[in-house]
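Text of data-v2.pdb, listed as PDB, C-alpha atoms:
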ATOM      1  CA  MET Z   1      43.779  -2.480  47.253  1.00  0.00           C
ATOM      2  CA  SER Z   2      42.133   0.682  48.585  1.00  0.00           C
ATOM      3  CA  ALA Z   3      39.230   0.751  51.030  1.00  0.00           C
ATOM      4  CA  ASP Z   4      37.035   2.220  48.280  1.00  0.00           C
ATOM      5  CA  GLN Z   5      37.846  -0.674  45.930  1.00  0.00           C
ATOM      6  CA  GLN Z   6      37.132  -3.177  48.686  1.00  0.00           C
ATOM      7  CA  ARG Z   7      33.763  -1.503  49.305  1.00  0.00           C
ATOM      8  CA  ILE Z   8      32.901  -1.764  45.607  1.00  0.00           C
ATOM      9  CA  LEU Z   9      33.822  -5.452  45.424  1.00  0.00           C
ATOM     10  CA  ALA Z  10      32.062  -6.416  48.638  1.00  0.00           C
ATOM     11  CA  ARG Z  11      28.850  -4.762  47.402  1.00  0.00           C
ATOM     12  CA  ALA Z  12      29.228  -6.182  43.889  1.00  0.00           C
ATOM     13  CA  ALA Z  13      29.478  -9.732  45.246  1.00  0.00           C
ATOM     14  CA  ARG Z  14      25.863  -9.404  46.349  1.00  0.00           C
ATOM     15  CA  GLU Z  15      24.878  -9.146  42.671  1.00  0.00           C
ATOM     16  CA  VAL Z  16      25.938 -12.736  41.951  1.00  0.00           C
ATOM     17  CA  ILE Z  17      23.369 -15.530  42.268  1.00  0.00           C
ATOM     18  CA  SER Z  18      24.288 -19.175  42.732  1.00  0.00           C
ATOM     19  CA  GLY Z  19      23.990 -21.116  39.484  1.00  0.00           C
ATOM     20  CA  GLN Z  20      24.884 -18.212  37.213  1.00  0.00           C
ATOM     21  CA  ILE Z  21      27.459 -18.036  34.428  1.00  0.00           C
ATOM     22  CA  VAL Z  22      29.480 -14.932  35.243  1.00  0.00           C
ATOM     23  CA  ASN Z  23      32.029 -13.005  33.182  1.00  0.00           C
ATOM     24  CA  LEU Z  24      34.603 -10.835  34.974  1.00  0.00           C
ATOM     25  CA  GLY Z  25      36.114  -7.988  32.977  1.00  0.00           C
ATOM     26  CA  ILE Z  26      39.758  -6.915  33.052  1.00  0.00           C
ATOM     27  CA  GLY Z  27      40.952  -4.884  36.034  1.00  0.00           C
ATOM     28  CA  LEU Z  28      38.974  -4.470  39.246  1.00  0.00           C
ATOM     29  CA  PRO Z  29      36.207  -6.954  38.299  1.00  0.00           C
ATOM     30  CA  THR Z  30      38.690  -9.857  38.253  1.00  0.00           C
ATOM     31  CA  GLN Z  31      39.139  -9.347  42.012  1.00  0.00           C
ATOM     32  CA  LEU Z  32      35.476 -10.204  42.545  1.00  0.00           C
ATOM     33  CA  PHE Z  33      36.637 -13.833  42.603  1.00  0.00           C
ATOM     34  CA  HIS Z  34      37.875 -13.291  46.140  1.00  0.00           C
ATOM     35  CA  TYR Z  35      34.596 -11.860  47.445  1.00  0.00           C
ATOM     36  CA  LEU Z  36      32.314 -14.722  46.424  1.00  0.00           C
ATOM     37  CA  PRO Z  37      31.429 -17.250  49.155  1.00  0.00           C
ATOM     38  CA  ASP Z  38      33.316 -20.539  48.809  1.00  0.00           C
ATOM     39  CA  GLU Z  39      30.071 -22.496  48.829  1.00  0.00           C
ATOM     40  CA  MET Z  40      28.530 -20.457  45.998  1.00  0.00           C
ATOM     41  CA  GLU Z  41      28.095 -22.481  42.807  1.00  0.00           C
ATOM     42  CA  VAL Z  42      28.961 -20.186  39.892  1.00  0.00           C
ATOM     43  CA  LEU Z  43      30.757 -20.776  36.605  1.00  0.00           C
ATOM     44  CA  VAL Z  44      33.141 -17.963  35.746  1.00  0.00           C
ATOM     45  CA  HIS Z  45      33.503 -17.440  31.994  1.00  0.00           C
ATOM     46  CA  SER Z  46      36.546 -16.008  30.219  1.00  0.00           C
ATOM     47  CA  GLU Z  47      35.958 -14.989  26.617  1.00  0.00           C
ATOM     48  CA  ASN Z  48      39.230 -16.510  25.405  1.00  0.00           C
ATOM     49  CA  GLY Z  49      37.621 -19.912  25.992  1.00  0.00           C
ATOM     50  CA  VAL Z  50      37.370 -21.085  29.606  1.00  0.00           C
ATOM     51  CA  LEU Z  51      34.242 -21.855  31.618  1.00  0.00           C
ATOM     52  CA  GLY Z  52      34.801 -22.654  35.276  1.00  0.00           C
ATOM     53  CA  CYS Z  53      37.715 -20.363  36.136  1.00  0.00           C
ATOM     54  CA  ARG Z  54      38.882 -19.876  39.687  1.00  0.00           C
ATOM     55  CA  PRO Z  55      41.685 -17.764  41.146  1.00  0.00           C
ATOM     56  CA  ARG Z  56      45.060 -19.409  41.555  1.00  0.00           C
ATOM     57  CA  HIS Z  57      46.080 -19.937  45.185  1.00  0.00           C
ATOM     58  CA  ALA Z  58      49.219 -18.149  46.358  1.00  0.00           C
ATOM     59  CA  ASP Z  59      51.086 -21.440  46.850  1.00  0.00           C
ATOM     60  CA  GLU Z  60      49.822 -22.975  43.606  1.00  0.00           C
ATOM     61  CA  ALA Z  61      52.223 -23.245  40.675  1.00  0.00           C
ATOM     62  CA  PRO Z  62      50.858 -21.598  37.522  1.00  0.00           C
ATOM     63  CA  ASP Z  63      49.772 -23.655  34.544  1.00  0.00           C
ATOM     64  CA  TRP Z  64      51.630 -21.840  31.757  1.00  0.00           C
ATOM     65  CA  ASP Z  65      48.919 -22.793  29.256  1.00  0.00           C
ATOM     66  CA  LEU Z  66      45.991 -21.472  31.299  1.00  0.00           C
ATOM     67  CA  ILE Z  67      45.275 -17.729  31.271  1.00  0.00           C
ATOM     68  CA  ASP Z  68      42.211 -15.523  31.275  1.00  0.00           C
ATOM     69  CA  SER Z  69      41.333 -12.921  28.630  1.00  0.00           C
ATOM     70  CA  GLY Z  70      43.538 -10.346  30.351  1.00  0.00           C
ATOM     71  CA  GLY Z  71      46.598 -12.604  30.296  1.00  0.00           C
ATOM     72  CA  ALA Z  72      46.560 -13.466  34.010  1.00  0.00           C
ATOM     73  CA  TYR Z  73      47.292 -17.037  35.108  1.00  0.00           C
ATOM     74  CA  ILE Z  74      44.207 -18.779  36.450  1.00  0.00           C
ATOM     75  CA  ALA Z  75      43.122 -22.211  37.619  1.00  0.00           C
ATOM     76  CA  THR Z  76      39.964 -24.205  36.993  1.00  0.00           C
ATOM     77  CA  ARG Z  77      37.351 -25.727  39.257  1.00  0.00           C
ATOM     78  CA  PRO Z  78      36.055 -29.315  38.917  1.00  0.00           C
ATOM     79  CA  GLY Z  79      33.811 -29.593  35.872  1.00  0.00           C
ATOM     80  CA  ALA Z  80      35.484 -26.738  33.995  1.00  0.00           C
ATOM     81  CA  SER Z  81      35.779 -26.795  30.227  1.00  0.00           C
ATOM     82  CA  VAL Z  82      38.172 -25.243  27.717  1.00  0.00           C
ATOM     83  CA  PHE Z  83      37.195 -24.418  24.137  1.00  0.00           C
ATOM     84  CA  ASP Z  84      38.089 -22.108  21.282  1.00  0.00           C
ATOM     85  CA  SER Z  85      37.185 -18.424  21.171  1.00  0.00           C
ATOM     86  CA  ALA Z  86      34.579 -19.004  18.449  1.00  0.00           C
ATOM     87  CA  MET Z  87      32.598 -21.207  20.843  1.00  0.00           C
ATOM     88  CA  SER Z  88      33.138 -18.710  23.646  1.00  0.00           C
ATOM     89  CA  PHE Z  89      31.725 -15.834  21.611  1.00  0.00           C
ATOM     90  CA  ALA Z  90      28.856 -18.020  20.427  1.00  0.00           C
ATOM     91  CA  MET Z  91      27.926 -18.342  24.113  1.00  0.00           C
ATOM     92  CA  ILE Z  92      28.035 -14.557  24.456  1.00  0.00           C
ATOM     93  CA  ARG Z  93      26.056 -13.867  21.274  1.00  0.00           C
ATOM     94  CA  ARG Z  94      23.366 -16.350  22.273  1.00  0.00           C
ATOM     95  CA  SER Z  95      23.078 -14.612  25.693  1.00  0.00           C
ATOM     96  CA  ARG Z  96      24.237 -17.698  27.596  1.00  0.00           C
ATOM     97  CA  VAL Z  97      26.252 -15.506  29.970  1.00  0.00           C
ATOM     98  CA  ASP Z  98      23.988 -14.338  32.799  1.00  0.00           C
ATOM     99  CA  VAL Z  99      25.937 -11.343  34.046  1.00  0.00           C
ATOM    100  CA  THR Z 100      29.187  -9.576  33.291  1.00  0.00           C
ATOM    101  CA  PHE Z 101      31.081  -7.137  35.491  1.00  0.00           C
ATOM    102  CA  MET Z 102      33.139  -4.441  33.764  1.00  0.00           C
ATOM    103  CA  GLY Z 103      35.081  -1.337  34.648  1.00  0.00           C
ATOM    104  CA  ALA Z 104      34.365   2.037  33.060  1.00  0.00           C
ATOM    105  CA  PHE Z 105      35.902   5.381  32.201  1.00  0.00           C
ATOM    106  CA  GLU Z 106      32.402   6.881  31.897  1.00  0.00           C
ATOM    107  CA  VAL Z 107      28.786   5.762  32.268  1.00  0.00           C
ATOM    108  CA  ASP Z 108      25.767   7.936  31.602  1.00  0.00           C
ATOM    109  CA  GLU Z 109      22.146   8.117  32.675  1.00  0.00           C
ATOM    110  CA  LEU Z 110      20.983   6.364  29.479  1.00  0.00           C
ATOM    111  CA  GLY Z 111      23.127   3.341  30.317  1.00  0.00           C
ATOM    112  CA  ASN Z 112      25.733   4.138  27.661  1.00  0.00           C
ATOM    113  CA  LEU Z 113      29.206   2.794  28.446  1.00  0.00           C
ATOM    114  CA  ALA Z 114      32.688   4.099  27.565  1.00  0.00           C
ATOM    115  CA  ASN Z 115      35.471   1.840  28.799  1.00  0.00           C
ATOM    116  CA  TRP Z 116      37.930   1.104  26.005  1.00  0.00           C
ATOM    117  CA  LYS Z 117      39.477   4.281  24.566  1.00  0.00           C
ATOM    118  CA  ILE Z 118      40.797   7.631  25.760  1.00  0.00           C
ATOM    119  CA  PRO Z 119      41.750   9.661  22.659  1.00  0.00           C
ATOM    120  CA  GLY Z 120      45.484  10.300  22.504  1.00  0.00           C
ATOM    121  CA  LYS Z 121      46.357   7.337  24.728  1.00  0.00           C
ATOM    122  CA  PHE Z 122      47.291   3.831  23.658  1.00  0.00           C
ATOM    123  CA  SER Z 123      44.510   1.245  23.647  1.00  0.00           C
ATOM    124  CA  PRO Z 124      44.967  -2.423  22.698  1.00  0.00           C
ATOM    125  CA  GLY Z 125      41.493  -2.362  21.142  1.00  0.00           C
ATOM    126  CA  ILE Z 126      37.893  -2.830  22.135  1.00  0.00           C
ATOM    127  CA  GLY Z 127      38.302  -6.591  22.514  1.00  0.00           C
ATOM    128  CA  GLY Z 128      35.316  -8.619  23.664  1.00  0.00           C
ATOM    129  CA  ALA Z 129      33.829  -5.770  25.688  1.00  0.00           C
ATOM    130  CA  MET Z 130      31.612  -4.548  22.850  1.00  0.00           C
ATOM    131  CA  GLU Z 131      29.902  -7.899  22.343  1.00  0.00           C
ATOM    132  CA  LEU Z 132      29.653  -8.668  26.048  1.00  0.00           C
ATOM    133  CA  ALA Z 133      28.052  -5.281  26.684  1.00  0.00           C
ATOM    134  CA  GLN Z 134      25.469  -5.833  23.975  1.00  0.00           C
ATOM    135  CA  LYS Z 135      24.655  -9.514  24.444  1.00  0.00           C
ATOM    136  CA  VAL Z 136      24.865 -10.553  28.098  1.00  0.00           C
ATOM    137  CA  ARG Z 137      21.649 -10.642  30.056  1.00  0.00           C
ATOM    138  CA  ARG Z 138      22.872  -8.175  32.673  1.00  0.00           C
ATOM    139  CA  LEU Z 139      25.806  -5.756  32.753  1.00  0.00           C
ATOM    140  CA  VAL Z 140      27.041  -4.404  36.086  1.00  0.00           C
ATOM    141  CA  ILE Z 141      29.667  -1.654  36.077  1.00  0.00           C
ATOM    142  CA  LEU Z 142      32.275  -1.436  38.848  1.00  0.00           C
ATOM    143  CA  CYS Z 143      34.195   1.838  38.992  1.00  0.00           C
ATOM    144  CA  SER Z 144      35.193   4.750  41.168  1.00  0.00           C
ATOM    145  CA  HIS Z 145      32.537   7.449  41.308  1.00  0.00           C
ATOM    146  CA  ASN Z 146      35.055  10.135  40.371  1.00  0.00           C
ATOM    147  CA  ASP Z 147      38.370  10.138  38.539  1.00  0.00           C
ATOM    148  CA  LYS Z 148      41.716  10.927  40.174  1.00  0.00           C
ATOM    149  CA  HIS Z 149      41.077  14.647  39.651  1.00  0.00           C
ATOM    150  CA  GLY Z 150      37.672  14.476  41.334  1.00  0.00           C
ATOM    151  CA  ASN Z 151      35.703  14.786  38.096  1.00  0.00           C
ATOM    152  CA  PRO Z 152      32.458  12.785  37.850  1.00  0.00           C
ATOM    153  CA  LYS Z 153      32.466   9.512  35.913  1.00  0.00           C
ATOM    154  CA  ILE Z 154      28.680   9.155  36.166  1.00  0.00           C
ATOM    155  CA  LEU Z 155      27.579  11.606  33.505  1.00  0.00           C
ATOM    156  CA  GLU Z 156      24.546  13.036  31.788  1.00  0.00           C
ATOM    157  CA  ARG Z 157      26.075  11.833  28.493  1.00  0.00           C
ATOM    158  CA  CYS Z 158      29.351  10.019  27.821  1.00  0.00           C
ATOM    159  CA  ARG Z 159      32.024  12.078  26.047  1.00  0.00           C
ATOM    160  CA  LEU Z 160      34.534   9.321  25.289  1.00  0.00           C
ATOM    161  CA  PRO Z 161      34.097   6.795  22.440  1.00  0.00           C
ATOM    162  CA  LEU Z 162      31.333   4.374  23.380  1.00  0.00           C
ATOM    163  CA  THR Z 163      31.778   0.667  23.942  1.00  0.00           C
ATOM    164  CA  ALA Z 164      28.025   0.115  23.544  1.00  0.00           C
ATOM    165  CA  GLU Z 165      24.793   2.082  23.834  1.00  0.00           C
ATOM    166  CA  ARG Z 166      22.077   1.605  26.473  1.00  0.00           C
ATOM    167  CA  CYS Z 167      23.666  -1.573  27.772  1.00  0.00           C
ATOM    168  CA  VAL Z 168      24.235  -0.995  31.501  1.00  0.00           C
ATOM    169  CA  SER Z 169      21.837  -2.445  34.070  1.00  0.00           C
ATOM    170  CA  ARG Z 170      23.436  -1.376  37.352  1.00  0.00           C
ATOM    171  CA  ILE Z 171      26.413   0.753  38.435  1.00  0.00           C
ATOM    172  CA  VAL Z 172      28.353   0.050  41.641  1.00  0.00           C
ATOM    173  CA  THR Z 173      30.796   2.741  42.760  1.00  0.00           C
ATOM    174  CA  ASP Z 174      32.514   3.584  46.033  1.00  0.00           C
ATOM    175  CA  LYS Z 175      29.714   6.090  46.715  1.00  0.00           C
ATOM    176  CA  ALA Z 176      26.500   4.492  45.463  1.00  0.00           C
ATOM    177  CA  VAL Z 177      24.641   1.710  43.693  1.00  0.00           C
ATOM    178  CA  MET Z 178      22.465   2.980  40.841  1.00  0.00           C
ATOM    179  CA  ASP Z 179      20.043   1.311  38.450  1.00  0.00           C
ATOM    180  CA  VAL Z 180      19.567   2.518  34.886  1.00  0.00           C
ATOM    181  CA  THR Z 181      15.813   3.044  34.419  1.00  0.00           C
ATOM    182  CA  PRO Z 182      13.690   4.691  31.703  1.00  0.00           C
ATOM    183  CA  GLN Z 183      13.315   7.646  34.059  1.00  0.00           C
ATOM    184  CA  GLY Z 184      17.042   7.991  34.795  1.00  0.00           C
ATOM    185  CA  LEU Z 185      19.540   6.737  37.372  1.00  0.00           C
ATOM    186  CA  ALA Z 186      17.737   5.449  40.463  1.00  0.00           C
ATOM    187  CA  VAL Z 187      19.887   5.231  43.594  1.00  0.00           C
ATOM    188  CA  VAL Z 188      19.506   1.876  45.351  1.00  0.00           C
ATOM    189  CA  ASP Z 189      22.232   2.148  48.007  1.00  0.00           C
ATOM    190  CA  ILE Z 190      24.510   4.904  49.243  1.00  0.00           C
ATOM    191  CA  ALA Z 191      27.845   4.556  51.051  1.00  0.00           C
ATOM    192  CA  LYS Z 192      27.780   4.772  54.829  1.00  0.00           C
ATOM    193  CA  GLY Z 193      28.563   8.263  56.073  1.00  0.00           C
ATOM    194  CA  LEU Z 194      27.723   9.940  52.749  1.00  0.00           C
ATOM    195  CA  SER Z 195      24.752  12.278  52.443  1.00  0.00           C
ATOM    196  CA  VAL Z 196      22.443  12.446  49.449  1.00  0.00           C
ATOM    197  CA  ALA Z 197      23.535  16.052  48.914  1.00  0.00           C
ATOM    198  CA  GLU Z 198      27.199  14.981  48.799  1.00  0.00           C
ATOM    199  CA  LEU Z 199      26.355  12.216  46.345  1.00  0.00           C
ATOM    200  CA  ARG Z 200      24.570  14.648  44.046  1.00  0.00           C
ATOM    201  CA  GLU Z 201      27.541  17.024  44.251  1.00  0.00           C
ATOM    202  CA  ALA Z 202      29.870  14.218  43.110  1.00  0.00           C
ATOM    203  CA  THR Z 203      27.628  13.201  40.187  1.00  0.00           C
ATOM    204  CA  GLU Z 204      26.939  14.980  36.901  1.00  0.00           C
ATOM    205  CA  ALA Z 205      23.894  12.864  35.992  1.00  0.00           C
ATOM    206  CA  ASP Z 206      20.546  13.551  37.586  1.00  0.00           C
ATOM    207  CA  LEU Z 207      19.724  11.044  40.317  1.00  0.00           C
ATOM    208  CA  ILE Z 208      16.387   9.653  41.419  1.00  0.00           C
ATOM    209  CA  VAL Z 209      16.478   9.161  45.193  1.00  0.00           C
ATOM    210  CA  ASP Z 210      13.775   7.763  47.478  1.00  0.00           C
ATOM    211  CA  GLU Z 211      15.320   8.173  50.914  1.00  0.00           C
ATOM    212  CA  ARG Z 212      12.646   5.954  52.506  1.00  0.00           C
ATOM    213  CA  ARG Z 213      13.995   2.949  50.563  1.00  0.00           C
ATOM    214  CA  LEU Z 214      17.672   3.848  50.438  1.00  0.00           C
ATOM    215  CA  GLY Z 215      20.099   1.166  51.603  1.00  0.00           C
ATOM    216  CA  ARG Z 216      23.599   1.649  53.010  1.00  0.00           C
ATOM    217  CA  PHE Z 217      26.766  -0.304  52.253  1.00  0.00           C
TER
END

Re-express the file's structure as structure tokens.
Amino acid sequence: MSADQQRILARAAREVISGQIVNLGIGLPTQLFHYLPDEMEVLVHSENGVLGCRPRHADEAPDWDLIDSGGAYIATRPGASVFDSAMSFAMIRRSRVDVTFMGAFEVDELGNLANWKIPGKFSPGIGGAMELAQKVRRLVILCSHNDKHGNPKILERCRLPLTAERCVSRIVTDKAVMDVTPQGLAVVDIAKGLSVAELREATEADLIVDERRLGRF
């Protein structure tokens, strides 16, 4: 895992509150497991029908019947429950999930999210992301600030097919933490060693920055 990904996960772990029901999206968000304090009481939800997931230890034999929504083998903590996907999505639709963490191809200043389809490339489908994005109480996006070519992923408006509109609460990248507000993207934290000018240069969306209150991570 790169240093930038580790920075994202370490900062994202601060978004989790003890007692919450948390959903971890496919990809980078699943690694958030390893950044939560051992003593923190959270129930990790997987939309295929598990509440109380935990990561499998390296020396722990896999349970061939127990996987998360991305197909990875997982384990369960004491008090966990397993149920069908209809019950799992009923939890989502009734906003019983407190926060979900997802990756993104693009996010824009309105809080629109595109994370399931790049035209011309294979996609297995939108899956549960659409309903999670619309129904959870809080959606936090974890992604690199720029793509592998250096192009911004934090945009004025998304160009790729949307997963959901106006759904994102907070964005955590390797360069900044930003809140979606009615006025635009408000920068909460900025990466250590990065200037505000450099952050603006790496971002297509307009940013609201109050340097007197700006944190570092």

Hits from the PyMOL selection byres ((chain Z and resi 12) around 9), listed as a compact mmCIF listing (two decimals) with C-alpha atoms, keeping the file's coordinate frame:
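So the final result, stored in expr_3.txt, reads:
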# COMPACT_ATOMS: atom_id res chain seq x y z
CA ARG Z 7 33.76 -1.50 49.30
CA ILE Z 8 32.90 -1.76 45.61
CA LEU Z 9 33.82 -5.45 45.42
CA ALA Z 10 32.06 -6.42 48.64
CA ARG Z 11 28.85 -4.76 47.40
CA ALA Z 13 29.48 -9.73 45.25
CA ARG Z 14 25.86 -9.40 46.35
CA GLU Z 15 24.88 -9.15 42.67
CA VAL Z 16 25.94 -12.74 41.95
CA PRO Z 29 36.21 -6.95 38.30
CA LEU Z 32 35.48 -10.20 42.54
CA TYR Z 35 34.60 -11.86 47.44
CA PHE Z 101 31.08 -7.14 35.49
CA VAL Z 140 27.04 -4.40 36.09
CA LEU Z 142 32.28 -1.44 38.85
CA VAL Z 172 28.35 0.05 41.64

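As for CA of Glu60 in chain Z and CA of Gly79 in chain Z, they are spaced 19.0 Å apart.
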
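For Asp98 in chain Z, the set of protein, DNA and RNA residues having any atom at most 9 Å away, when counting all atoms listed in the file and skipping those fewer than 2 positions along the same chain, is Gln20, Ile21, Val22, Asn23, Ser95, Arg96, Thr100, Val136, Arg137, Arg138 and Leu139 of chain Z.
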
For C-alpha atoms, I'd like the residues from the last selection saved as a short mmCIF file (atom, residue, chain, number, x, y, z; two decimals), in the frame of the given file.
data_model
loop_
_atom_site.label_atom_id
_atom_site.label_comp_id
_atom_site.auth_asym_id
_atom_site.auth_seq_id
_atom_site.Cartn_x
_atom_site.Cartn_y
_atom_site.Cartn_z
CA GLN Z 20 24.88 -18.21 37.21
CA ILE Z 21 27.46 -18.04 34.43
CA VAL Z 22 29.48 -14.93 35.24
CA ASN Z 23 32.03 -13.00 33.18
CA SER Z 95 23.08 -14.61 25.69
CA ARG Z 96 24.24 -17.70 27.60
CA THR Z 100 29.19 -9.58 33.29
CA VAL Z 136 24.86 -10.55 28.10
CA ARG Z 137 21.65 -10.64 30.06
CA ARG Z 138 22.87 -8.18 32.67
CA LEU Z 139 25.81 -5.76 32.75
#

Might you pull out every residue within 8 Å of Ala133 in chain Z, with only C-alpha atoms counted and same-chain residues fewer than 2 positions away left off, and present them as a VMD selection string? chain Z and resid 100 129 to 131 135 to 136 139 163 to 164 167 to 168

Could you list, as a VMD selection string, every residue within 10 Å of Pro161 in chain Z, counting only C-alpha atoms and ignoring same-chain residues fewer than 3 positions away?
chain Z and resid 106 113 to 119 158 164

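Atom pair CA of Asp189 in chain Z / CA of Glu39 in chain Z has a distance of 25.9 Å (rounded to one decimal).
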
Of Z:Lys175, Z:His34, Z:Arg93, Z:His57, the one nearest to Glu201 in chain Z when counting all atoms listed in the file is Z:Lys175

Between Z:Leu185, Z:Ile92, Z:Ile171, Z:Val97, smallest distance to Glu204 in chain Z by all atoms listed in the file belongs to Z:Leu185

re CA of Asn112 in chain Z and CA of Ile26 in chain Z: distance 18.7 Å

Near His145 in chain Z, within 12 Å and counting only C-alpha atoms, which residues show up once chain neighbours fewer than 5 positions away are dropped, as a PyMOL selection string? chain Z and resi 4-5+8+103-108+150-155+171-178+190-191+198-205

Keeping only C-alpha atoms, write those residues as an mmCIF file, keeping the file's coordinate frame.
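This went into part27.cif:
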data_model
loop_
_atom_site.group_PDB
_atom_site.id
_atom_site.type_symbol
_atom_site.label_atom_id
_atom_site.label_comp_id
_atom_site.auth_asym_id
_atom_site.auth_seq_id
_atom_site.Cartn_x
_atom_site.Cartn_y
_atom_site.Cartn_z
ATOM 1 C CA ASP Z 4 37.035 2.220 48.280
ATOM 2 C CA GLN Z 5 37.846 -0.674 45.930
ATOM 3 C CA ILE Z 8 32.901 -1.764 45.607
ATOM 4 C CA GLY Z 103 35.081 -1.337 34.648
ATOM 5 C CA ALA Z 104 34.365 2.037 33.060
ATOM 6 C CA PHE Z 105 35.902 5.381 32.201
ATOM 7 C CA GLU Z 106 32.402 6.881 31.897
ATOM 8 C CA VAL Z 107 28.786 5.762 32.268
ATOM 9 C CA ASP Z 108 25.767 7.936 31.602
ATOM 10 C CA GLY Z 150 37.672 14.476 41.334
ATOM 11 C CA ASN Z 151 35.703 14.786 38.096
ATOM 12 C CA PRO Z 152 32.458 12.785 37.850
ATOM 13 C CA LYS Z 153 32.466 9.512 35.913
ATOM 14 C CA ILE Z 154 28.680 9.155 36.166
ATOM 15 C CA LEU Z 155 27.579 11.606 33.505
ATOM 16 C CA ILE Z 171 26.413 0.753 38.435
ATOM 17 C CA VAL Z 172 28.353 0.050 41.641
ATOM 18 C CA THR Z 173 30.796 2.741 42.760
ATOM 19 C CA ASP Z 174 32.514 3.584 46.033
ATOM 20 C CA LYS Z 175 29.714 6.090 46.715
ATOM 21 C CA ALA Z 176 26.500 4.492 45.463
ATOM 22 C CA VAL Z 177 24.641 1.710 43.693
ATOM 23 C CA MET Z 178 22.465 2.980 40.841
ATOM 24 C CA ILE Z 190 24.510 4.904 49.243
ATOM 25 C CA ALA Z 191 27.845 4.556 51.051
ATOM 26 C CA GLU Z 198 27.199 14.981 48.799
ATOM 27 C CA LEU Z 199 26.355 12.216 46.345
ATOM 28 C CA ARG Z 200 24.570 14.648 44.046
ATOM 29 C CA GLU Z 201 27.541 17.024 44.251
ATOM 30 C CA ALA Z 202 29.870 14.218 43.110
ATOM 31 C CA THR Z 203 27.628 13.201 40.187
ATOM 32 C CA GLU Z 204 26.939 14.980 36.901
ATOM 33 C CA ALA Z 205 23.894 12.864 35.992
#

Please complete range 139-151 of chain Z with N, CA and C atoms and give it back as a PDB file, in the frame of the given file.
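Output (selection_8.pdb):
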ATOM      1  N   LEU Z 139      24.482  -6.367  32.680  1.00  0.00           N
ATOM      2  CA  LEU Z 139      25.806  -5.756  32.753  1.00  0.00           C
ATOM      3  C   LEU Z 139      25.880  -4.864  33.983  1.00  0.00           C
ATOM      4  N   VAL Z 140      26.818  -5.188  34.867  1.00  0.00           N
ATOM      5  CA  VAL Z 140      27.041  -4.404  36.086  1.00  0.00           C
ATOM      6  C   VAL Z 140      28.406  -3.732  35.976  1.00  0.00           C
ATOM      7  N   ILE Z 141      28.430  -2.427  36.164  1.00  0.00           N
ATOM      8  CA  ILE Z 141      29.667  -1.654  36.077  1.00  0.00           C
ATOM      9  C   ILE Z 141      30.240  -1.437  37.472  1.00  0.00           C
ATOM     10  N   LEU Z 142      31.541  -1.694  37.604  1.00  0.00           N
ATOM     11  CA  LEU Z 142      32.275  -1.436  38.848  1.00  0.00           C
ATOM     12  C   LEU Z 142      33.319  -0.369  38.564  1.00  0.00           C
ATOM     13  N   CYS Z 143      33.217   0.774  39.228  1.00  0.00           N
ATOM     14  CA  CYS Z 143      34.195   1.838  38.992  1.00  0.00           C
ATOM     15  C   CYS Z 143      34.165   2.834  40.136  1.00  0.00           C
ATOM     16  N   SER Z 144      35.207   3.634  40.214  1.00  0.00           N
ATOM     17  CA  SER Z 144      35.193   4.750  41.168  1.00  0.00           C
ATOM     18  C   SER Z 144      34.159   5.768  40.704  1.00  0.00           C
ATOM     19  N   HIS Z 145      33.582   6.482  41.648  1.00  0.00           N
ATOM     20  CA  HIS Z 145      32.537   7.449  41.308  1.00  0.00           C
ATOM     21  C   HIS Z 145      33.114   8.672  40.604  1.00  0.00           C
ATOM     22  N   ASN Z 146      34.359   8.978  40.952  1.00  0.00           N
ATOM     23  CA  ASN Z 146      35.055  10.135  40.371  1.00  0.00           C
ATOM     24  C   ASN Z 146      36.453   9.729  39.941  1.00  0.00           C
ATOM     25  N   ASP Z 147      37.015  10.457  38.973  1.00  0.00           N
ATOM     26  CA  ASP Z 147      38.370  10.138  38.539  1.00  0.00           C
ATOM     27  C   ASP Z 147      39.391  10.704  39.528  1.00  0.00           C
ATOM     28  N   LYS Z 148      40.672  10.525  39.228  1.00  0.00           N
ATOM     29  CA  LYS Z 148      41.716  10.927  40.174  1.00  0.00           C
ATOM     30  C   LYS Z 148      41.777  12.435  40.390  1.00  0.00           C
ATOM     31  N   HIS Z 149      41.137  13.190  39.494  1.00  0.00           N
ATOM     32  CA  HIS Z 149      41.077  14.647  39.651  1.00  0.00           C
ATOM     33  C   HIS Z 149      39.784  15.101  40.330  1.00  0.00           C
ATOM     34  N   GLY Z 150      38.936  14.146  40.682  1.00  0.00           N
ATOM     35  CA  GLY Z 150      37.672  14.476  41.334  1.00  0.00           C
ATOM     36  C   GLY Z 150      36.523  14.719  40.376  1.00  0.00           C
ATOM     37  N   ASN Z 151      36.765  14.558  39.077  1.00  0.00           N
ATOM     38  CA  ASN Z 151      35.703  14.786  38.096  1.00  0.00           C
ATOM     39  C   ASN Z 151      34.725  13.611  38.071  1.00  0.00           C
TER      40      ASN Z 151
END
